[in-house]
>>> print(open('coords-v2.cif').read())   # mmCIF, C-alpha atoms
data_start
loop_
_atom_site.label_atom_id
_atom_site.label_comp_id
_atom_site.auth_asym_id
_atom_site.auth_seq_id
_atom_site.Cartn_x
_atom_site.Cartn_y
_atom_site.Cartn_z
CA MET A 1 10.68 3.46 -0.65
CA SER A 2 12.19 6.77 -1.82
CA GLU A 3 15.68 6.75 -3.25
CA SER A 4 16.94 9.99 -1.73
CA ALA A 5 16.35 11.39 1.73
CA ASN A 6 14.70 14.61 0.56
CA ALA A 7 12.24 12.98 -1.89
CA ALA A 8 9.03 12.30 0.02
CA PRO A 9 7.49 8.89 -0.79
CA ARG A 10 4.45 8.87 -3.06
CA ILE A 11 1.41 6.62 -3.35
CA ARG A 12 3.07 4.76 -6.21
CA ASP A 13 6.03 3.98 -3.94
CA GLY A 14 3.54 2.20 -1.69
CA VAL A 15 2.22 0.19 -4.63
CA ARG A 16 5.78 -0.71 -5.60
CA ALA A 17 6.63 -1.75 -2.03
CA ALA A 18 3.54 -3.98 -1.96
CA LEU A 19 4.24 -5.74 -5.29
CA PRO A 20 6.29 -8.64 -3.86
CA LEU A 21 3.39 -9.50 -1.53
CA ALA A 22 0.79 -9.60 -4.33
CA PRO A 23 0.44 -13.43 -4.40
CA SER A 24 -0.90 -13.41 -0.83
CA PRO A 25 -4.10 -11.36 -1.35
CA ILE A 26 -4.67 -13.01 -4.72
CA LEU A 27 -4.50 -16.58 -3.40
CA PHE A 28 -6.40 -15.78 -0.18
CA GLY A 29 -9.02 -13.82 -2.05
CA LEU A 30 -9.50 -16.73 -4.44
CA SER A 31 -9.78 -19.21 -1.58
CA PHE A 32 -12.16 -16.95 0.35
CA GLY A 33 -14.39 -16.73 -2.71
CA VAL A 34 -14.26 -20.48 -3.32
CA LEU A 35 -14.92 -21.36 0.35
CA SER A 36 -17.73 -18.84 0.77
CA ASP A 37 -19.47 -20.15 -2.26
CA ALA A 38 -18.88 -23.80 -1.35
CA THR A 39 -20.11 -23.41 2.25
CA GLY A 40 -23.31 -21.62 1.29
CA PHE A 41 -22.25 -18.20 2.58
CA GLY A 42 -23.00 -16.88 -0.88
CA GLY A 43 -20.89 -15.31 -3.61
CA ALA A 44 -22.40 -11.82 -3.46
CA ALA A 45 -22.07 -11.69 0.34
CA ALA A 46 -18.43 -12.77 0.04
CA VAL A 47 -17.57 -10.02 -2.45
CA VAL A 48 -19.35 -7.32 -0.43
CA MET A 49 -17.60 -8.57 2.71
CA SER A 50 -14.19 -8.36 1.01
CA ALA A 51 -15.02 -4.81 -0.12
CA THR A 52 -16.16 -3.60 3.32
CA THR A 53 -14.38 -5.72 5.94
CA PHE A 54 -11.15 -6.13 3.92
CA SER A 55 -9.49 -8.34 6.52
CA GLY A 56 -8.77 -11.97 5.67
CA ALA A 57 -8.69 -13.70 9.05
CA ALA A 58 -11.97 -12.18 10.28
CA GLN A 59 -13.75 -13.00 7.03
CA PHE A 60 -12.60 -16.63 7.13
CA ALA A 61 -13.58 -16.77 10.82
CA SER A 62 -17.16 -15.63 10.17
CA VAL A 63 -17.64 -18.05 7.31
CA SER A 64 -16.18 -20.98 9.25
CA VAL A 65 -18.30 -20.32 12.37
CA LEU A 66 -21.48 -20.16 10.27
CA ASP A 67 -20.43 -23.26 8.33
CA ALA A 68 -19.92 -25.12 11.63
CA GLY A 69 -23.51 -24.33 12.57
CA GLY A 70 -22.73 -21.36 14.81
CA THR A 71 -25.20 -18.55 15.36
CA VAL A 72 -25.05 -15.17 13.65
CA ALA A 73 -23.97 -13.60 16.94
CA ALA A 74 -21.08 -16.05 17.33
CA ALA A 75 -19.93 -15.46 13.75
CA ILE A 76 -20.02 -11.70 14.29
CA LEU A 77 -18.25 -11.77 17.67
CA ALA A 78 -15.46 -14.05 16.44
CA ALA A 79 -14.68 -11.61 13.62
CA VAL A 80 -15.04 -8.50 15.77
CA PHE A 81 -12.73 -9.91 18.45
CA LEU A 82 -10.19 -10.82 15.76
CA ASN A 83 -10.34 -7.33 14.29
CA ALA A 84 -10.11 -5.58 17.64
CA ARG A 85 -6.38 -5.52 16.92
CA TYR A 86 -7.08 -2.85 14.31
CA VAL A 87 -8.04 -0.49 17.11
CA ALA A 88 -4.50 -0.88 18.46
CA ILE A 89 -2.88 -0.88 15.00
CA SER A 90 -4.74 2.23 13.90
CA MET A 91 -3.59 3.99 17.08
CA THR A 92 0.04 3.54 16.01
CA VAL A 93 -0.60 5.45 12.77
CA SER A 94 -3.25 7.87 14.05
CA SER A 95 -1.07 10.95 13.51
CA ILE A 96 0.08 10.29 9.91
CA PHE A 97 -3.31 10.78 8.21
CA PRO A 98 -3.82 14.30 6.81
CA GLY A 99 -7.02 16.17 6.07
CA SER A 100 -10.60 16.18 7.25
CA ARG A 101 -12.23 13.54 9.46
CA LEU A 102 -14.14 12.12 6.50
CA ARG A 103 -10.96 11.83 4.46
CA ARG A 104 -9.18 10.15 7.39
CA LEU A 105 -12.13 7.75 7.80
CA VAL A 106 -11.90 6.71 4.14
CA GLU A 107 -8.11 6.48 3.96
CA SER A 108 -7.82 4.58 7.25
CA GLN A 109 -9.57 1.69 5.51
CA ALA A 110 -6.27 1.07 3.68
CA ILE A 111 -4.97 -0.30 6.99
CA VAL A 112 -4.45 -4.07 6.87
CA ASP A 113 -1.72 -6.03 8.63
CA GLU A 114 0.52 -6.10 5.56
CA SER A 115 0.13 -2.46 4.44
CA TRP A 116 0.70 -1.35 8.02
CA ALA A 117 3.85 -3.46 8.35
CA ILE A 118 5.23 -2.21 5.02
CA SER A 119 4.51 1.43 5.85
CA GLY A 120 6.71 1.30 8.94
CA ARG A 121 9.74 -0.30 7.35
CA SER A 122 11.74 2.93 7.19
CA GLY A 123 11.55 3.26 10.98
CA ARG A 124 8.59 5.64 11.01
CA PHE A 125 5.14 5.19 9.53
CA GLU A 126 4.65 6.83 6.13
CA TRP A 127 1.17 7.71 4.92
CA PRO A 128 1.76 7.40 1.13
CA ILE A 129 3.25 3.93 1.57
CA LEU A 130 0.37 2.77 3.76
CA VAL A 131 -2.34 4.11 1.45
CA GLY A 132 -0.58 2.97 -1.76
CA ALA A 133 0.04 -0.55 -0.46
CA GLY A 134 -3.44 -0.78 1.07
CA LEU A 135 -5.14 0.35 -2.12
CA PHE A 136 -3.15 -2.18 -4.16
CA PHE A 137 -4.06 -5.02 -1.77
CA TYR A 138 -7.70 -3.89 -1.73
CA VAL A 139 -8.10 -4.12 -5.51
CA LEU A 140 -6.46 -7.56 -5.61
CA TRP A 141 -8.49 -8.79 -2.62
CA VAL A 142 -11.91 -7.82 -3.96
CA ALA A 143 -11.18 -8.90 -7.54
CA SER A 144 -9.81 -12.30 -6.55
CA THR A 145 -12.71 -12.90 -4.15
CA ALA A 146 -15.10 -12.29 -7.05
CA LEU A 147 -13.12 -14.64 -9.28
CA GLY A 148 -13.08 -17.25 -6.51
CA THR A 149 -16.88 -17.22 -6.17
CA VAL A 150 -17.12 -18.01 -9.88
CA LEU A 151 -14.62 -20.85 -9.61
CA GLY A 152 -16.32 -22.08 -6.41
CA GLY A 153 -19.45 -23.00 -8.32
CA VAL A 154 -17.68 -26.05 -9.75
CA LEU A 155 -17.11 -27.65 -6.30
CA GLU A 156 -19.81 -30.08 -5.25
CA ASN A 157 -18.86 -31.42 -1.84
CA PRO A 158 -16.25 -29.11 -0.27
CA ASP A 159 -15.77 -31.04 2.97
CA GLU A 160 -14.53 -34.11 1.09
CA LEU A 161 -11.74 -31.91 -0.23
CA GLY A 162 -10.50 -31.24 3.30
CA LEU A 163 -11.40 -27.56 3.26
CA ASP A 164 -12.25 -27.69 6.97
CA ALA A 165 -8.66 -28.71 7.71
CA ALA A 166 -7.43 -26.00 5.34
CA PHE A 167 -9.28 -23.41 7.47
CA ALA A 168 -7.55 -24.72 10.57
CA ALA A 169 -4.16 -24.60 8.83
CA LEU A 170 -4.78 -21.01 7.78
CA PHE A 171 -5.59 -19.86 11.33
CA LEU A 172 -2.62 -21.80 12.68
CA ALA A 173 -0.21 -20.18 10.23
CA LEU A 174 -1.59 -16.73 11.02
CA ALA A 175 -1.19 -17.37 14.77
CA VAL A 176 2.45 -18.49 14.62
CA PRO A 177 4.08 -15.02 14.43
CA TYR A 178 2.17 -13.91 17.54
CA LEU A 179 3.26 -16.97 19.50
CA ARG A 180 6.88 -15.87 19.67
CA ASP A 181 5.74 -13.76 22.62
CA ARG A 182 5.54 -15.74 25.87
CA ARG A 183 2.40 -14.07 27.19
CA ALA A 184 0.66 -14.61 23.85
CA ARG A 185 1.54 -18.31 24.09
CA GLN A 186 0.10 -18.53 27.62
CA ALA A 187 -3.10 -16.75 26.61
CA ALA A 188 -3.47 -18.87 23.47
CA ALA A 189 -2.99 -22.07 25.49
CA LEU A 190 -5.61 -20.92 28.01
CA GLY A 191 -7.99 -20.06 25.16
CA ALA A 192 -7.42 -23.49 23.58
CA GLY A 193 -8.19 -25.12 26.95
CA ILE A 194 -11.43 -23.16 27.28
CA VAL A 195 -12.49 -24.29 23.80
CA LEU A 196 -11.72 -27.96 24.51
CA VAL A 197 -13.66 -27.88 27.80
CA LEU A 198 -16.71 -26.23 26.20
CA LEU A 199 -16.81 -28.09 22.85
CA PRO A 200 -18.74 -31.13 24.20
CA PHE A 201 -21.46 -28.96 25.82
CA ALA A 202 -21.81 -25.56 24.22
CA PRO A 203 -23.56 -24.70 20.96
CA ALA A 204 -21.27 -24.10 17.95
CA GLY A 205 -19.44 -20.79 18.06
CA VAL A 206 -19.82 -20.28 21.81
CA PRO A 207 -16.48 -21.89 22.79
CA ILE A 208 -14.58 -19.49 20.52
CA ILE A 209 -16.23 -16.46 22.09
CA ALA A 210 -15.63 -17.78 25.61
CA ALA A 211 -11.96 -18.25 24.75
CA ALA A 212 -11.65 -14.48 24.32
CA ALA A 213 -11.66 -14.24 28.11
CA ALA A 214 -8.08 -15.56 27.99
CA CYS A 215 -6.94 -12.15 26.78
CA LEU A 216 -7.59 -10.87 30.31
CA LEU A 217 -4.11 -12.28 31.03
CA GLY A 218 -3.01 -9.01 29.43
CA LEU A 219 -4.24 -7.12 32.49
CA ARG A 220 -1.17 -8.31 34.40
CA ARG A 221 1.75 -5.96 34.12
CA MET B 1 -32.19 -10.93 5.47
CA SER B 2 -30.04 -14.06 5.46
CA ASP B 3 -27.55 -14.85 8.22
CA ALA B 4 -24.62 -14.23 5.89
CA TRP B 5 -25.78 -10.69 5.04
CA ILE B 6 -26.31 -9.74 8.68
CA VAL B 7 -22.75 -10.90 9.39
CA VAL B 8 -21.42 -8.97 6.38
CA LEU B 9 -23.10 -5.73 7.50
CA VAL B 10 -22.22 -5.87 11.20
CA VAL B 11 -18.67 -7.15 10.81
CA GLY B 12 -18.07 -4.62 8.03
CA ALA B 13 -19.27 -1.71 10.14
CA ALA B 14 -17.29 -2.85 13.18
CA THR B 15 -14.10 -3.33 11.16
CA ILE B 16 -14.41 0.06 9.45
CA ALA B 17 -14.83 1.64 12.89
CA SER B 18 -11.83 -0.27 14.28
CA LYS B 19 -9.56 0.87 11.48
CA ALA B 20 -10.77 4.47 11.77
CA ALA B 21 -10.52 4.57 15.57
CA GLY B 22 -6.95 5.87 15.66
CA PRO B 23 -6.88 8.31 12.74
CA VAL B 24 -10.40 9.73 13.26
CA LEU B 25 -11.03 9.70 17.00
CA VAL B 26 -7.79 9.48 18.90
CA GLY B 27 -5.15 11.54 17.14
CA ARG B 28 -2.00 11.41 19.25
CA ARG B 29 -3.36 10.02 22.52
CA GLU B 30 -2.46 6.48 23.63
CA LEU B 31 -4.57 3.66 25.08
CA PRO B 32 -4.18 2.75 28.77
CA PRO B 33 -1.42 0.11 28.96
CA ARG B 34 -3.63 -2.55 30.59
CA LEU B 35 -6.29 -2.24 27.87
CA GLN B 36 -3.54 -2.31 25.26
CA GLY B 37 -2.19 -5.50 26.87
CA CYS B 38 -5.57 -7.20 26.46
CA ILE B 39 -6.06 -6.07 22.86
CA ASP B 40 -2.58 -7.36 21.98
CA LEU B 41 -3.58 -10.86 23.13
CA LEU B 42 -6.94 -11.00 21.35
CA ALA B 43 -5.62 -11.95 17.91
CA PRO B 44 -3.49 -14.96 18.96
CA VAL B 45 -6.21 -16.18 21.36
CA MET B 46 -8.95 -16.02 18.72
CA LEU B 47 -6.78 -17.61 16.02
CA ILE B 48 -5.82 -20.58 18.21
CA ALA B 49 -9.42 -20.95 19.39
CA LEU B 50 -10.44 -21.17 15.73
CA VAL B 51 -7.71 -23.76 15.08
CA VAL B 52 -8.96 -25.97 17.94
CA THR B 53 -12.59 -25.60 16.86
CA GLN B 54 -11.87 -26.34 13.22
CA THR B 55 -9.71 -29.34 14.12
CA PHE B 56 -11.76 -31.03 16.87
CA GLY B 57 -15.21 -29.46 16.66
CA GLY B 58 -18.20 -31.74 16.07
CA ASP B 59 -21.90 -31.49 16.80
CA GLU B 60 -21.48 -30.51 20.46
CA GLU B 61 -18.69 -33.04 20.88
CA ILE B 62 -14.98 -33.46 20.36
CA GLU B 63 -14.25 -35.41 17.19
CA VAL B 64 -10.89 -36.88 16.32
CA ASP B 65 -10.82 -37.70 12.62
CA ALA B 66 -8.89 -37.12 9.39
CA ARG B 67 -8.73 -33.38 10.08
CA VAL B 68 -6.35 -33.89 12.98
CA VAL B 69 -3.81 -35.59 10.72
CA GLY B 70 -4.27 -32.93 8.03
CA VAL B 71 -3.73 -30.07 10.48
CA GLY B 72 -0.74 -31.92 11.96
CA ALA B 73 0.78 -32.14 8.49
CA ALA B 74 0.16 -28.42 8.04
CA LEU B 75 1.93 -27.74 11.33
CA VAL B 76 4.98 -29.60 10.02
CA ALA B 77 4.82 -27.52 6.81
CA ILE B 78 4.62 -24.31 8.84
CA GLY B 79 7.60 -25.49 10.90
CA LEU B 80 9.52 -25.94 7.64
CA ARG B 81 8.67 -22.30 6.82
CA ALA B 82 6.27 -23.18 4.03
CA PRO B 83 4.09 -20.28 2.82
CA VAL B 84 0.61 -20.14 4.38
CA ILE B 85 -1.10 -21.15 1.16
CA VAL B 86 1.10 -24.27 0.95
CA ALA B 87 0.24 -25.22 4.55
CA MET B 88 -3.45 -24.90 3.64
CA ALA B 89 -3.01 -27.08 0.57
CA VAL B 90 -1.14 -29.72 2.60
CA ALA B 91 -3.93 -29.81 5.21
CA ALA B 92 -6.65 -30.12 2.57
CA LEU B 93 -4.80 -32.75 0.57
CA VAL B 94 -3.86 -34.99 3.51
CA THR B 95 -7.38 -34.77 4.96
CA ALA B 96 -9.02 -35.50 1.62
CA LEU B 97 -6.75 -38.48 0.91
CA LEU B 98 -7.44 -39.95 4.37
CA ARG B 99 -11.19 -39.56 3.82
CA LEU B 100 -10.87 -41.38 0.52
CA ALA B 101 -8.84 -44.17 2.11
CA VAL B 102 -11.04 -44.74 5.18
#
>>> encode(input="coords-v2.cif", output="structure tokens")
Amino acid sequence: MSESANAAPRIRDGVRAALPLAPSPILFGLSFGVLSDATGFGGAAAVVMSATTFSGAAQFASVSVLDAGGTVAAAILAAVFLNARYVAISMTVSSIFPGSRLRRLVESQAIVDESWAISGRSGRFEWPILVGAGLFFYVLWVASTALGTVLGGVLENPDELGLDAAFAALFLALAVPYLRDRRARQAAALGAGIVLVLLPFAPAGVPIIAAAAACLLGLRR
Amino acid sequence: MSDAWIVVLVVGAATIASKAAGPVLVGRRELPPRLQGCIDLLAPVMLIALVVTQTFGGDEEIEVDARVVGVGAALVAIGLRAPVIVAMAVAALVTALLRLAV
């Protein structure tokens, strides 16, 4: 955040704005590394996924669907549906990225929920804040994932530790801010109903994908 | 190629494209409001679907076991405004202790 009105924010202002949130990517990155390693997803795959997907909820979703015995397609769709929000989020900042298409493609990867939220705090979205914060989170995310995969090797039977319930708690906590909106609550309740109806019949992963149909409630004006 | 690597490649490519969609392709245009309405609901729907699956999912059945209590405890923690990582720790701890006790 710049001190005076005429001083344009710089990348380092974005890093500074992101500092208070540093524990979040560190702890999540560590747990993603530990869980990926413990569930058999694989340490190298986890680190590469953090470096390319760079989006916590979707990464946890893929790993948990595969761990539950879901197919590759179900694991992919769950993550892609979760990250579809980035289409909408990136639209809100589409005009702040300077330069060539290639440069915009690279720099747009700094968009994550937190960097996006921070970059709009002044009332309009600011590119240096978004890129600075995103870059800072990226380094922490990838590094702590790598560290987590090393630590994960010491766990022998992850399910006894209640890691499956920890996954559920994570998704629940991430969902809560959305559920302040009434339509989001209705859609989430419908999605939960679809999952409960399908769980006894459908192969693992399928109920989650079917639940996505609940977002069609958004068609109503 | 293992399942995990296929997921890493496809999800990675799709996410990179999603993040680039606005800045690279769209510029200043906006999405149709109805499509926007659907996209806005996708994240909460998928997250809650994952919660239900992780809490009750079994081998093609609904299972009610220690997880339910663990996730319930996490819900209380979230209600008390605990940080996400604390809610996760509460869920794991309660579930693990119940599994030890039963």
>>> atom_distance(input="coords-v2.cif", atom1="CA of Leu41 in chain B", atom2="CA of Gly70 in chain A")
23.4 Å
>>> closest_residue(input="coords-v2.cif", among="A:Ala57, A:Ile26, A:Ile194, A:Met49", to="Ala169 in chain A", atoms="all atoms listed in the file")
A:Ala57
>>> closest_residue(input="coords-v2.cif", among="A:Phe97, A:Phe54, A:Phe60, A:Phe137", to="Ala13 in chain B", atoms="all atoms listed in the file")
A:Phe54
>>> resolve_selection(input="coords-v2.cif", expression="the PyMOL selection byres ((chain A and resi 205) around 9)", output="MDAnalysis selection string")
(chainID A and resid 65:66 68:71 73:75 78 202:204 206:210) or (chainID B and resid 53)
>>> closest_residue(input="coords-v2.cif", among="A:Thr53, A:Thr145, A:Asn83, A:Ser95", to="Val7 in chain B", atoms="only C-alpha atoms")
A:Thr53
>>> closest_residue(input="coords-v2.cif", among="B:Pro32, B:Ala101, B:Cys38, B:Ala77", to="chain A", atoms="all atoms listed in the file")
B:Cys38
>>> residues_around(input="coords-v2.cif", residues="Gln36 in chain B", least_positions_apart="6", cutoff="12 Å", atoms="only C-alpha atoms", output="list in words")
Ala84, Arg85, Tyr86, Val87, Ala88, Ile89, Met91, Thr92, Cys215, Leu216, Leu217, Gly218, Leu219, Arg220 and Arg221 of chain A; Glu30 and Leu42 of chain B
>>> closest_residue(input="coords-v2.cif", among="A:Val47, A:Leu140, A:Ala22, A:Ala38", to="chain B", atoms="all atoms listed in the file")
A:Val47
>>> axis_aligned_box(input="coords-v2.cif", around="range 93-100 of chain B", padding_each_side="3 Å", output="AutoDock Vina command-line options")
--center_x -7.5 --center_y -37.1 --center_z 2.7 --size_x 13.3 --size_y 14.6 --size_z 10.4
>>> closest_residue(input="coords-v2.cif", among="B:Leu97, B:Ile16, B:Val10, B:Val24", to="Ala66 in chain B", atoms="all atoms listed in the file")
B:Leu97
>>> atom_distance(input="coords-v2.cif", atom1="CA of Ser94 in chain A", atom2="CA of Gly22 in chain B")
4.5 Å
>>> resolve_selection(input="coords-v2.cif", expression="the PyMOL selection byres ((chain B and resi 55) around 10)", output="list in words")
Asp164, Ala165, Ala166, Phe167, Ala168 and Ala169 of chain A; Ala49, Leu50, Val51, Val52, Thr53, Gln54, Phe56, Gly57, Gly58, Ile62, Glu63, Val64, Asp65, Ala66, Arg67, Val68, Val69, Gly70, Val71 and Gly72 of chain B
>>> write_last_selection(input="coords-v2.cif", atoms="C-alpha atoms", output="tab-separated table (two decimals), keeping the file's coordinate frame")
chain	number	residue	atom	x	y	z
A	164	ASP	CA	-12.25	-27.69	6.97
A	165	ALA	CA	-8.66	-28.71	7.71
A	166	ALA	CA	-7.43	-26.00	5.34
A	167	PHE	CA	-9.28	-23.41	7.47
A	168	ALA	CA	-7.55	-24.72	10.57
A	169	ALA	CA	-4.16	-24.60	8.83
B	49	ALA	CA	-9.42	-20.95	19.39
B	50	LEU	CA	-10.44	-21.17	15.73
B	51	VAL	CA	-7.71	-23.76	15.08
B	52	VAL	CA	-8.96	-25.97	17.94
B	53	THR	CA	-12.59	-25.60	16.86
B	54	GLN	CA	-11.87	-26.34	13.22
B	56	PHE	CA	-11.76	-31.03	16.87
B	57	GLY	CA	-15.21	-29.46	16.66
B	58	GLY	CA	-18.20	-31.74	16.07
B	62	ILE	CA	-14.98	-33.46	20.36
B	63	GLU	CA	-14.25	-35.41	17.19
B	64	VAL	CA	-10.89	-36.88	16.32
B	65	ASP	CA	-10.82	-37.70	12.62
B	66	ALA	CA	-8.89	-37.12	9.39
B	67	ARG	CA	-8.73	-33.38	10.08
B	68	VAL	CA	-6.35	-33.89	12.98
B	69	VAL	CA	-3.81	-35.59	10.72
B	70	GLY	CA	-4.27	-32.93	8.03
B	71	VAL	CA	-3.73	-30.07	10.48
B	72	GLY	CA	-0.74	-31.92	11.96
>>> atom_distance(input="coords-v2.cif", atom1="CA of Val176 in chain A", atom2="CA of Pro44 in chain B")
8.2 Å
>>> residues_around(input="coords-v2.cif", residues="range 100-115 of chain A", least_positions_apart="2", cutoff="6 Å", atoms="only C-alpha atoms", output="ChimeraX atom specification")
/A:97,117-118,130-131,133-135 /B:19-20,24
>>> residues_around(input="coords-v2.cif", residues="Ala189 in chain A", least_positions_apart="4", cutoff="8 Å", atoms="all atoms listed in the file", output="PyMOL selection string")
(chain A and resi 185+193) or (chain B and resi 45+48)
>>> resolve_selection(input="coords-v2.cif", expression="the PyMOL selection byres ((chain B and resi 94) around 8)", output="PyMOL selection string")
(chain A and resi 162) or (chain B and resi 69-70+73+90-93+95-98)
